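Participant: entry.csv (CSV, N, CA, C and O atoms) pasted underneath:
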chain,number,residue,atom,x,y,z
J,1,MET,N,76.5,68.6,102.7
J,1,MET,CA,76.3,67.3,102.1
J,1,MET,C,77.2,67.1,100.9
J,1,MET,O,77.1,68.0,100.0
J,2,ALA,N,78.0,66.1,100.8
J,2,ALA,CA,78.9,65.9,99.7
J,2,ALA,C,78.1,65.4,98.5
J,2,ALA,O,77.1,64.8,98.6
J,3,THR,N,78.7,65.7,97.3
J,3,THR,CA,78.1,65.3,96.0
J,3,THR,C,79.1,64.5,95.2
J,3,THR,O,80.3,64.7,95.4
J,4,THR,N,78.6,63.6,94.5
J,4,THR,CA,79.5,62.8,93.6
J,4,THR,C,79.4,63.3,92.2
J,4,THR,O,79.9,62.6,91.3
J,5,LYS,N,78.8,64.4,91.9
J,5,LYS,CA,78.6,64.9,90.6
J,5,LYS,C,79.9,65.7,90.2
J,5,LYS,O,80.5,66.4,90.9
J,6,ARG,N,80.3,65.4,88.9
J,6,ARG,CA,81.5,66.1,88.4
J,6,ARG,C,81.1,67.4,87.8
J,6,ARG,O,80.1,67.6,87.2
J,7,VAL,N,82.0,68.4,88.0
J,7,VAL,CA,81.8,69.7,87.4
J,7,VAL,C,82.6,69.9,86.2
J,7,VAL,O,83.8,69.5,86.2
J,8,PHE,N,82.0,70.5,85.1
J,8,PHE,CA,82.8,70.7,83.9
J,8,PHE,C,82.2,71.9,83.2
J,8,PHE,O,81.1,72.4,83.5
J,9,THR,N,82.9,72.4,82.2
J,9,THR,CA,82.5,73.6,81.5
J,9,THR,C,81.7,73.1,80.2
J,9,THR,O,82.2,72.2,79.5
J,10,LEU,N,80.6,73.7,79.9
J,10,LEU,CA,79.9,73.4,78.7
J,10,LEU,C,79.7,74.8,78.0
J,10,LEU,O,79.1,75.7,78.5
J,11,ARG,N,80.1,74.8,76.7
J,11,ARG,CA,79.9,76.0,75.9
J,11,ARG,C,78.7,75.9,75.0
J,11,ARG,O,78.6,74.9,74.3
J,12,LEU,N,77.8,76.9,75.1
J,12,LEU,CA,76.6,76.9,74.3
J,12,LEU,C,76.5,78.3,73.6
J,12,LEU,O,76.9,79.3,74.2
J,13,THR,N,75.9,78.3,72.5
J,13,THR,CA,75.6,79.6,71.9
J,13,THR,C,74.5,80.3,72.7
J,13,THR,O,73.8,79.6,73.5
J,14,ASP,N,74.4,81.6,72.6
J,14,ASP,CA,73.3,82.3,73.4
J,14,ASP,C,71.9,81.7,73.0
J,14,ASP,O,71.1,81.5,73.8
J,15,GLU,N,71.8,81.4,71.7
J,15,GLU,CA,70.5,80.9,71.2
J,15,GLU,C,70.1,79.6,71.9
J,15,GLU,O,69.0,79.4,72.4
J,16,VAL,N,71.1,78.7,71.9
J,16,VAL,CA,70.8,77.4,72.5
J,16,VAL,C,70.6,77.5,74.0
J,16,VAL,O,69.6,77.0,74.6
J,17,PHE,N,71.4,78.3,74.7
J,17,PHE,CA,71.3,78.5,76.1
J,17,PHE,C,69.9,79.1,76.5
J,17,PHE,O,69.3,78.7,77.4
J,18,ASN,N,69.5,80.1,75.7
J,18,ASN,CA,68.2,80.7,76.0
J,18,ASN,C,67.0,79.8,75.7
J,18,ASN,O,66.1,79.8,76.5
J,19,LYS,N,67.1,78.9,74.7
J,19,LYS,CA,66.1,78.0,74.5
J,19,LYS,C,66.0,76.9,75.6
J,19,LYS,O,64.9,76.6,76.1
J,20,VAL,N,67.2,76.5,76.0
J,20,VAL,CA,67.2,75.5,77.1
J,20,VAL,C,66.7,76.2,78.4
J,20,VAL,O,65.9,75.6,79.1
J,21,GLY,N,67.1,77.4,78.6
J,21,GLY,CA,66.5,78.2,79.8
J,21,GLY,C,65.0,78.3,79.8
J,21,GLY,O,64.4,78.1,80.8
J,22,THR,N,64.5,78.5,78.6
J,22,THR,CA,63.0,78.6,78.5
J,22,THR,C,62.4,77.3,78.8
J,22,THR,O,61.4,77.2,79.6
J,23,LEU,N,62.9,76.2,78.3
J,23,LEU,CA,62.3,74.9,78.6
J,23,LEU,C,62.5,74.5,80.1
J,23,LEU,O,61.6,73.9,80.7
J,24,ALA,N,63.7,74.9,80.6
J,24,ALA,CA,63.9,74.6,82.0
J,24,ALA,C,62.9,75.3,82.9
J,24,ALA,O,62.3,74.8,83.9
J,25,THR,N,62.7,76.6,82.6
J,25,THR,CA,61.7,77.4,83.3
J,25,THR,C,60.3,76.8,83.3
J,25,THR,O,59.6,76.7,84.3
J,26,GLU,N,59.9,76.3,82.1
J,26,GLU,CA,58.6,75.7,81.9
J,26,GLU,C,58.4,74.5,82.8
J,26,GLU,O,57.3,74.2,83.2
J,27,GLU,N,59.5,73.8,83.1
J,27,GLU,CA,59.5,72.6,83.9
J,27,GLU,C,59.9,72.9,85.3
J,27,GLU,O,60.1,71.9,86.1
J,28,HIS,N,60.0,74.1,85.7
J,28,HIS,CA,60.4,74.5,87.0
J,28,HIS,C,61.8,73.9,87.5
J,28,HIS,O,61.9,73.4,88.6
J,29,ARG,N,62.7,73.9,86.5
J,29,ARG,CA,64.0,73.3,86.8
J,29,ARG,C,65.1,74.4,86.5
J,29,ARG,O,64.8,75.4,85.8
J,30,SER,N,66.3,74.2,87.1
J,30,SER,CA,67.4,75.1,86.8
J,30,SER,C,67.9,74.6,85.4
J,30,SER,O,67.6,73.5,84.9
J,31,VAL,N,68.7,75.5,84.7
J,31,VAL,CA,69.3,75.1,83.4
J,31,VAL,C,70.1,73.8,83.6
J,31,VAL,O,70.0,72.9,82.8
J,32,THR,N,71.0,73.8,84.6
J,32,THR,CA,71.8,72.7,84.9
J,32,THR,C,71.0,71.4,85.1
J,32,THR,O,71.3,70.4,84.5
J,33,ASN,N,70.0,71.5,85.9
J,33,ASN,CA,69.2,70.3,86.2
J,33,ASN,C,68.5,69.9,85.0
J,33,ASN,O,68.3,68.7,84.7
J,34,TYR,N,68.0,70.8,84.1
J,34,TYR,CA,67.3,70.5,82.9
J,34,TYR,C,68.2,69.7,81.9
J,34,TYR,O,67.9,68.7,81.3
J,35,ILE,N,69.5,70.2,81.8
J,35,ILE,CA,70.4,69.6,80.9
J,35,ILE,C,70.7,68.2,81.4
J,35,ILE,O,70.8,67.2,80.6
J,36,GLU,N,70.9,68.0,82.7
J,36,GLU,CA,71.1,66.7,83.3
J,36,GLU,C,69.9,65.8,83.0
J,36,GLU,O,70.1,64.6,82.6
J,37,PHE,N,68.7,66.3,83.2
J,37,PHE,CA,67.5,65.5,82.9
J,37,PHE,C,67.4,65.0,81.5
J,37,PHE,O,67.1,63.9,81.2
J,38,VAL,N,67.7,66.0,80.5
J,38,VAL,CA,67.6,65.6,79.1
J,38,VAL,C,68.7,64.6,78.8
J,38,VAL,O,68.4,63.6,78.0
J,39,LEU,N,69.9,64.7,79.3
J,39,LEU,CA,71.0,63.8,79.0
J,39,LEU,C,70.6,62.4,79.6
J,39,LEU,O,70.8,61.4,78.9
J,40,LEU,N,70.1,62.3,80.8
J,40,LEU,CA,69.7,61.0,81.4
J,40,LEU,C,68.6,60.4,80.5
J,40,LEU,O,68.6,59.2,80.3
J,41,LYS,N,67.6,61.2,80.1
J,41,LYS,CA,66.5,60.6,79.2
J,41,LYS,C,67.1,60.1,77.9
J,41,LYS,O,66.7,59.0,77.5
J,42,HIS,N,68.0,60.8,77.3
J,42,HIS,CA,68.7,60.4,76.1
J,42,HIS,C,69.4,59.1,76.3
J,42,HIS,O,69.3,58.2,75.5
J,43,LEU,N,70.2,59.0,77.4
J,43,LEU,CA,70.9,57.8,77.7
J,43,LEU,C,70.0,56.6,77.8
J,43,LEU,O,70.3,55.5,77.3
J,44,GLU,N,68.9,56.8,78.5
J,44,GLU,CA,67.9,55.7,78.7
J,44,GLU,C,67.3,55.3,77.3
J,44,GLU,O,67.2,54.1,77.0
J,45,ASP,N,67.0,56.2,76.4
J,45,ASP,CA,66.5,55.9,75.1
J,45,ASP,C,67.6,55.1,74.3
J,45,ASP,O,67.2,54.1,73.6
J,46,VAL,N,68.8,55.5,74.3
J,46,VAL,CA,69.9,54.9,73.6
J,46,VAL,C,70.1,53.4,74.1
J,46,VAL,O,70.2,52.5,73.3
J,47,GLU,N,70.1,53.3,75.4
J,47,GLU,CA,70.3,51.9,76.0
J,47,GLU,C,69.1,51.0,75.7
J,47,GLU,O,69.2,49.8,75.5
J,48,ARG,N,67.9,51.6,75.7
J,48,ARG,CA,66.7,50.8,75.3
J,48,ARG,C,66.8,50.3,73.9
J,48,ARG,O,66.5,49.2,73.6
J,49,GLU,N,67.4,51.1,73.0
J,49,GLU,CA,67.5,50.8,71.6
J,49,GLU,C,68.7,49.9,71.3
J,49,GLU,O,68.6,48.9,70.6
J,50,ARG,N,69.9,50.2,72.0
J,50,ARG,CA,71.1,49.5,71.6
J,50,ARG,C,71.6,48.5,72.7
J,50,ARG,O,72.6,47.8,72.5
J,51,GLY,N,71.1,48.6,73.9
J,51,GLY,CA,71.6,47.9,75.0
J,51,GLY,C,72.5,48.7,75.9
J,51,GLY,O,72.8,49.9,75.6
J,52,PRO,N,73.0,48.2,77.0
J,52,PRO,CA,73.8,48.9,78.0
J,52,PRO,C,75.0,49.6,77.4
J,52,PRO,O,75.6,49.0,76.5
J,53,ILE,N,75.3,50.8,77.8
J,53,ILE,CA,76.5,51.5,77.4
J,53,ILE,C,77.6,51.2,78.5
J,53,ILE,O,77.3,51.4,79.7
J,54,LYS,N,78.7,50.7,78.0
J,54,LYS,CA,79.8,50.5,78.9
J,54,LYS,C,80.7,51.7,79.0
J,54,LYS,O,81.3,52.1,78.0
J,55,PRO,N,80.7,52.4,80.2
J,55,PRO,CA,81.5,53.6,80.3
J,55,PRO,C,83.0,53.3,80.0
J,55,PRO,O,83.5,52.2,80.4
J,56,ARG,N,83.6,54.2,79.3
J,56,ARG,CA,85.0,54.0,79.0
J,56,ARG,C,85.9,54.4,80.2
J,56,ARG,O,85.5,55.3,80.9
J,57,GLU,N,87.0,53.8,80.4
J,57,GLU,CA,87.9,54.1,81.5
J,57,GLU,C,89.1,54.9,80.9
J,57,GLU,O,89.6,54.5,79.9
J,58,THR,N,89.4,56.0,81.5
J,58,THR,CA,90.6,56.7,81.1
J,58,THR,C,91.4,57.1,82.3
J,58,THR,O,91.0,57.0,83.4
J,59,GLU,N,92.6,57.5,82.0
J,59,GLU,CA,93.5,57.9,83.1
J,59,GLU,C,93.0,59.1,83.9
J,59,GLU,O,93.2,59.2,85.1
J,60,THR,N,92.3,60.0,83.3
J,60,THR,CA,91.8,61.2,83.9
J,60,THR,C,90.4,60.9,84.5
J,60,THR,O,89.8,61.7,85.2
J,61,GLY,N,89.8,59.7,84.3
J,61,GLY,CA,88.5,59.4,84.8
J,61,GLY,C,87.4,60.0,84.1
J,61,GLY,O,86.2,60.0,84.5
J,62,VAL,N,87.6,60.6,82.9
J,62,VAL,CA,86.6,61.2,82.1
J,62,VAL,C,85.9,60.2,81.2
J,62,VAL,O,86.5,59.3,80.7
Please render this file's structure as structure tokens.
Facilitator:
Amino acid sequence: MATTKRVFTLRLTDEVFNKVGTLATEEHRSVTNYIEFVLLKHLEDVERERGPIKPRETETGV
């Protein structure tokens, strides 16, 4: 099954990674899934506060 998710590198300190890993485990999620979940929740909160976020367009699609 194909996915439309983009893959990228994220650098975290060991401390942050371990804390995120602990929270992910508590919610029965992978670290990657937990990070995505937290980012989506943050985006919803920001849009609720400020209105829709218009994604920027770039040549690289980032």
Participant: Using backbone DSSP assignments, extract all alpha helix (DSSP H) residues from range 2-49 of chain J; output them as number ranges by chain.
Facilitator: J: 14-26, 31-49
Participant: By how many Å are atom C of Leu10 in chain J and atom N of Arg48 in chain J apart?
Facilitator: 26.1 Å
Participant: One decimal, in Å: what's the spacing between CA of Pro55 in chain J and CA of Thr13 in chain J?
Facilitator: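 If I compute the distance from CA of Pro55 in chain J to CA of Thr13 in chain J, I get 28.0 Å.
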Participant: Could I see range 16-27 of chain J restored to all heavy atoms, set down as a PDB file, in the frame of the given file?
Facilitator:
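File written: selection_35.pdb
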ATOM      1  N   VAL J  16      71.100  78.700  71.900  1.00  0.00           N
ATOM      2  CA  VAL J  16      70.800  77.400  72.500  1.00  0.00           C
ATOM      3  C   VAL J  16      70.600  77.500  74.000  1.00  0.00           C
ATOM      4  O   VAL J  16      69.600  77.000  74.600  1.00  0.00           O
ATOM      5  CB  VAL J  16      71.947  76.364  72.256  1.00  0.00           C
ATOM      6  CG1 VAL J  16      71.810  75.093  73.082  1.00  0.00           C
ATOM      7  CG2 VAL J  16      71.996  76.034  70.770  1.00  0.00           C
ATOM      8  N   PHE J  17      71.400  78.300  74.700  1.00  0.00           N
ATOM      9  CA  PHE J  17      71.300  78.500  76.100  1.00  0.00           C
ATOM     10  C   PHE J  17      69.900  79.100  76.500  1.00  0.00           C
ATOM     11  O   PHE J  17      69.300  78.700  77.400  1.00  0.00           O
ATOM     12  CB  PHE J  17      72.402  79.436  76.650  1.00  0.00           C
ATOM     13  CG  PHE J  17      72.374  79.594  78.138  1.00  0.00           C
ATOM     14  CD1 PHE J  17      72.976  78.664  78.961  1.00  0.00           C
ATOM     15  CD2 PHE J  17      71.723  80.679  78.713  1.00  0.00           C
ATOM     16  CE1 PHE J  17      72.943  78.804  80.347  1.00  0.00           C
ATOM     17  CE2 PHE J  17      71.672  80.827  80.098  1.00  0.00           C
ATOM     18  CZ  PHE J  17      72.295  79.882  80.910  1.00  0.00           C
ATOM     19  N   ASN J  18      69.500  80.100  75.700  1.00  0.00           N
ATOM     20  CA  ASN J  18      68.200  80.700  76.000  1.00  0.00           C
ATOM     21  C   ASN J  18      67.000  79.800  75.700  1.00  0.00           C
ATOM     22  O   ASN J  18      66.100  79.800  76.500  1.00  0.00           O
ATOM     23  CB  ASN J  18      68.049  82.000  75.113  1.00  0.00           C
ATOM     24  CG  ASN J  18      68.995  83.094  75.553  1.00  0.00           C
ATOM     25  OD1 ASN J  18      69.447  83.130  76.696  1.00  0.00           O
ATOM     26  ND2 ASN J  18      69.324  83.985  74.644  1.00  0.00           N
ATOM     27  N   LYS J  19      67.100  78.900  74.700  1.00  0.00           N
ATOM     28  CA  LYS J  19      66.100  78.000  74.500  1.00  0.00           C
ATOM     29  C   LYS J  19      66.000  76.900  75.600  1.00  0.00           C
ATOM     30  O   LYS J  19      64.900  76.600  76.100  1.00  0.00           O
ATOM     31  CB  LYS J  19      66.296  77.269  73.105  1.00  0.00           C
ATOM     32  CG  LYS J  19      65.986  78.163  71.920  1.00  0.00           C
ATOM     33  CD  LYS J  19      66.217  77.433  70.608  1.00  0.00           C
ATOM     34  CE  LYS J  19      65.874  78.320  69.423  1.00  0.00           C
ATOM     35  NZ  LYS J  19      66.052  77.611  68.142  1.00  0.00           N
ATOM     36  N   VAL J  20      67.200  76.500  76.000  1.00  0.00           N
ATOM     37  CA  VAL J  20      67.200  75.500  77.100  1.00  0.00           C
ATOM     38  C   VAL J  20      66.700  76.200  78.400  1.00  0.00           C
ATOM     39  O   VAL J  20      65.900  75.600  79.100  1.00  0.00           O
ATOM     40  CB  VAL J  20      68.660  74.965  77.341  1.00  0.00           C
ATOM     41  CG1 VAL J  20      68.768  74.172  78.629  1.00  0.00           C
ATOM     42  CG2 VAL J  20      69.094  74.107  76.159  1.00  0.00           C
ATOM     43  N   GLY J  21      67.100  77.400  78.600  1.00  0.00           N
ATOM     44  CA  GLY J  21      66.500  78.200  79.800  1.00  0.00           C
ATOM     45  C   GLY J  21      65.000  78.300  79.800  1.00  0.00           C
ATOM     46  O   GLY J  21      64.400  78.100  80.800  1.00  0.00           O
ATOM     47  N   THR J  22      64.500  78.500  78.600  1.00  0.00           N
ATOM     48  CA  THR J  22      63.000  78.600  78.500  1.00  0.00           C
ATOM     49  C   THR J  22      62.400  77.300  78.800  1.00  0.00           C
ATOM     50  O   THR J  22      61.400  77.200  79.600  1.00  0.00           O
ATOM     51  CB  THR J  22      62.621  79.012  77.014  1.00  0.00           C
ATOM     52  OG1 THR J  22      63.161  80.299  76.749  1.00  0.00           O
ATOM     53  CG2 THR J  22      61.122  79.031  76.829  1.00  0.00           C
ATOM     54  N   LEU J  23      62.900  76.200  78.300  1.00  0.00           N
ATOM     55  CA  LEU J  23      62.300  74.900  78.600  1.00  0.00           C
ATOM     56  C   LEU J  23      62.500  74.500  80.100  1.00  0.00           C
ATOM     57  O   LEU J  23      61.600  73.900  80.700  1.00  0.00           O
ATOM     58  CB  LEU J  23      62.967  73.791  77.701  1.00  0.00           C
ATOM     59  CG  LEU J  23      62.684  73.918  76.207  1.00  0.00           C
ATOM     60  CD1 LEU J  23      63.482  72.882  75.428  1.00  0.00           C
ATOM     61  CD2 LEU J  23      61.202  73.789  75.927  1.00  0.00           C
ATOM     62  N   ALA J  24      63.700  74.900  80.600  1.00  0.00           N
ATOM     63  CA  ALA J  24      63.900  74.600  82.000  1.00  0.00           C
ATOM     64  C   ALA J  24      62.900  75.300  82.900  1.00  0.00           C
ATOM     65  O   ALA J  24      62.300  74.800  83.900  1.00  0.00           O
ATOM     66  CB  ALA J  24      65.328  74.996  82.412  1.00  0.00           C
ATOM     67  N   THR J  25      62.700  76.600  82.600  1.00  0.00           N
ATOM     68  CA  THR J  25      61.700  77.400  83.300  1.00  0.00           C
ATOM     69  C   THR J  25      60.300  76.800  83.300  1.00  0.00           C
ATOM     70  O   THR J  25      59.600  76.700  84.300  1.00  0.00           O
ATOM     71  CB  THR J  25      61.680  78.857  82.811  1.00  0.00           C
ATOM     72  OG1 THR J  25      62.989  79.405  82.981  1.00  0.00           O
ATOM     73  CG2 THR J  25      60.673  79.716  83.554  1.00  0.00           C
ATOM     74  N   GLU J  26      59.900  76.300  82.100  1.00  0.00           N
ATOM     75  CA  GLU J  26      58.600  75.700  81.900  1.00  0.00           C
ATOM     76  C   GLU J  26      58.400  74.500  82.800  1.00  0.00           C
ATOM     77  O   GLU J  26      57.300  74.200  83.200  1.00  0.00           O
ATOM     78  CB  GLU J  26      58.358  75.361  80.433  1.00  0.00           C
ATOM     79  CG  GLU J  26      58.154  76.550  79.527  1.00  0.00           C
ATOM     80  CD  GLU J  26      58.049  76.166  78.060  1.00  0.00           C
ATOM     81  OE1 GLU J  26      58.098  74.959  77.725  1.00  0.00           O
ATOM     82  OE2 GLU J  26      57.924  77.093  77.235  1.00  0.00           O
ATOM     83  N   GLU J  27      59.500  73.800  83.100  1.00  0.00           N
ATOM     84  CA  GLU J  27      59.500  72.600  83.900  1.00  0.00           C
ATOM     85  C   GLU J  27      59.900  72.900  85.300  1.00  0.00           C
ATOM     86  O   GLU J  27      60.100  71.900  86.100  1.00  0.00           O
ATOM     87  CB  GLU J  27      60.321  71.507  83.264  1.00  0.00           C
ATOM     88  CG  GLU J  27      59.763  71.042  81.942  1.00  0.00           C
ATOM     89  CD  GLU J  27      60.205  69.652  81.560  1.00  0.00           C
ATOM     90  OE1 GLU J  27      60.717  68.908  82.416  1.00  0.00           O
ATOM     91  OE2 GLU J  27      60.023  69.313  80.378  1.00  0.00           O
TER      92      GLU J  27
END
